[in-house]
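Contents: one structure, followed by commentary.
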Amino acid sequence: ESGRLTLLLDGLNECPVELYDQCCSDIDDLLRRFPAARLVISSQSTHHPRPLGLPAFELLPMDREQQQRFLTLRLGSPDRATELLDSLYRQPGADFIASSPLLLCMVAEAGNDENALPAGRADLYRRFLDRWHERESKHARNGGTMFRWTLPEMRSALARLAFRMRARGWTSCDRGFAIQSLIEVLAGDAHEFIDRTTQGLLLVADESHQRLRFSHETLHDYLAAEHIVADPGSLT
């Protein structure tokens, strides 16, 4: 009532479809009951929430100079950063990829050698998954063990989870749902798999580690599409 409390609501676009209208109604009710309340809501720019009577601000994407500095820090080489960025901008959809710090991290991971950068977002994600698995397998070998999942198993598990979430209109899910989705592919390793994949750029867990989402919506969409290609019958 005094306006001393600031509420930070992150990721309105991640609200499940079936709960979205109720969520917005609850926010409307809160603002009516406590007009002095300070409220900050974040949402992706591709999602346009219904008007809530609040001022709106948009975070601008990184410009070319910022992208160059970002890649230089990730790669440790200004020359390689310039080469990767020039290669990226010769591809369709480069503006979207280069404007996102997360997707630029994937570019750095996928292009952190002398090989050509993958052409297109799907190939970029495919290469990133390959490199992630390769790196984790190397870490396991250096520690005297074996990485528990093959690349096809990892890809199939993530794709199945992505599809089952999309089929329900979800951008995030609870850990129990993820376990149920993964257990047919990974058997008893589902818990460990989630713990491992939330340590990189694949899955993101909240502070309680009980709610999960993919690191980027376009990665989520790519993996869901991979599942459909592998199992067209899943659409029926």
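Residue numbers start at 1 in each chain; chains themselves are named A, B, ... in the order of the structure tokens; ligands are numbered from 1 in the order shown.
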
| message | Show me, as a PyMOL selection string, the residues that have an atom within 8 Å of region 191-208 of chain A when counting only C-alpha atoms, minus same-chain residues fewer than 4 positions from it. | response | chain A and resi 102+179+212-215

request  = Quick one: everything within 9 Å of Ala37 (chain A), counting only C-alpha atoms, minus sequence neighbours fewer than 3 positions away in the same chain. Send it as a ChimeraX atom specification.
outcome  = /A:1-7,30-31,33-34

The distance between CA of Asp189 (chain A) and CA of His209 (chain A) is 16.6 Å

Helix (DSSP H, G or I) per DSSP on the backbone: members of region 107-231 of chain A, as a ChimeraX atom specification = /A:107-110,121-142,151-167,175-197,217-230

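Coordinates place CA of Arg131 (chain A) at a distance of 27.2 Å from CA of Asp174 (chain A).
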
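Near Leu219 (chain A), within a cut-off of 10 Å and counting only C-alpha atoms, sit the residues Leu103, Arg121, Ala122, Leu124, Tyr125, Arg126, Ala159, Ala162, Leu201, Leu202, Leu203 and Ala225 of chain A, with same-chain residues fewer than 6 positions away left out.
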
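Picture a line from CA of Arg80 (chain A) to CA of Gly120 (chain A); it runs 19.4 Å.
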
_Residue contacts of Arg127 (chain A) (12 Å, only C-alpha atoms) excluding same-chain residues fewer than 2 positions away, as a ChimeraX atom specification_ = /A:106-112,115-125,129-134,151,155

Could you write those residues out with C-alpha atoms, as a compact mmCIF listing (two decimals), in the first residue's frame?
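Result file is again.txt:
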```txt
# COMPACT_ATOMS: atom_id res chain seq x y z
CA MET A 106 26.36 -20.66 -29.59
CA VAL A 107 28.08 -19.10 -32.61
CA ALA A 108 31.30 -18.88 -30.60
CA GLU A 109 30.95 -22.50 -29.48
CA ALA A 110 30.12 -23.79 -32.96
CA GLY A 111 32.81 -21.72 -34.68
CA ASN A 112 35.62 -22.00 -32.17
CA ASN A 115 35.89 -24.80 -39.77
CA ALA A 116 33.28 -22.74 -41.60
CA LEU A 117 30.35 -21.45 -39.59
CA PRO A 118 27.17 -23.52 -40.09
CA ALA A 119 24.76 -22.06 -42.65
CA GLY A 120 21.39 -21.29 -41.11
CA ARG A 121 19.98 -21.45 -37.61
CA ALA A 122 19.10 -25.17 -37.69
CA ASP A 123 22.64 -26.12 -38.70
CA LEU A 124 24.01 -23.78 -36.04
CA TYR A 125 21.97 -25.53 -33.34
CA LEU A 129 24.76 -29.75 -29.80
CA ASP A 130 27.57 -31.74 -31.43
CA ARG A 131 30.20 -29.51 -29.82
CA TRP A 132 28.49 -29.58 -26.42
CA HIS A 133 28.43 -33.39 -26.45
CA GLU A 134 32.02 -33.53 -27.69
CA LEU A 151 24.89 -37.93 -29.12
CA ARG A 155 19.43 -35.25 -29.09
```
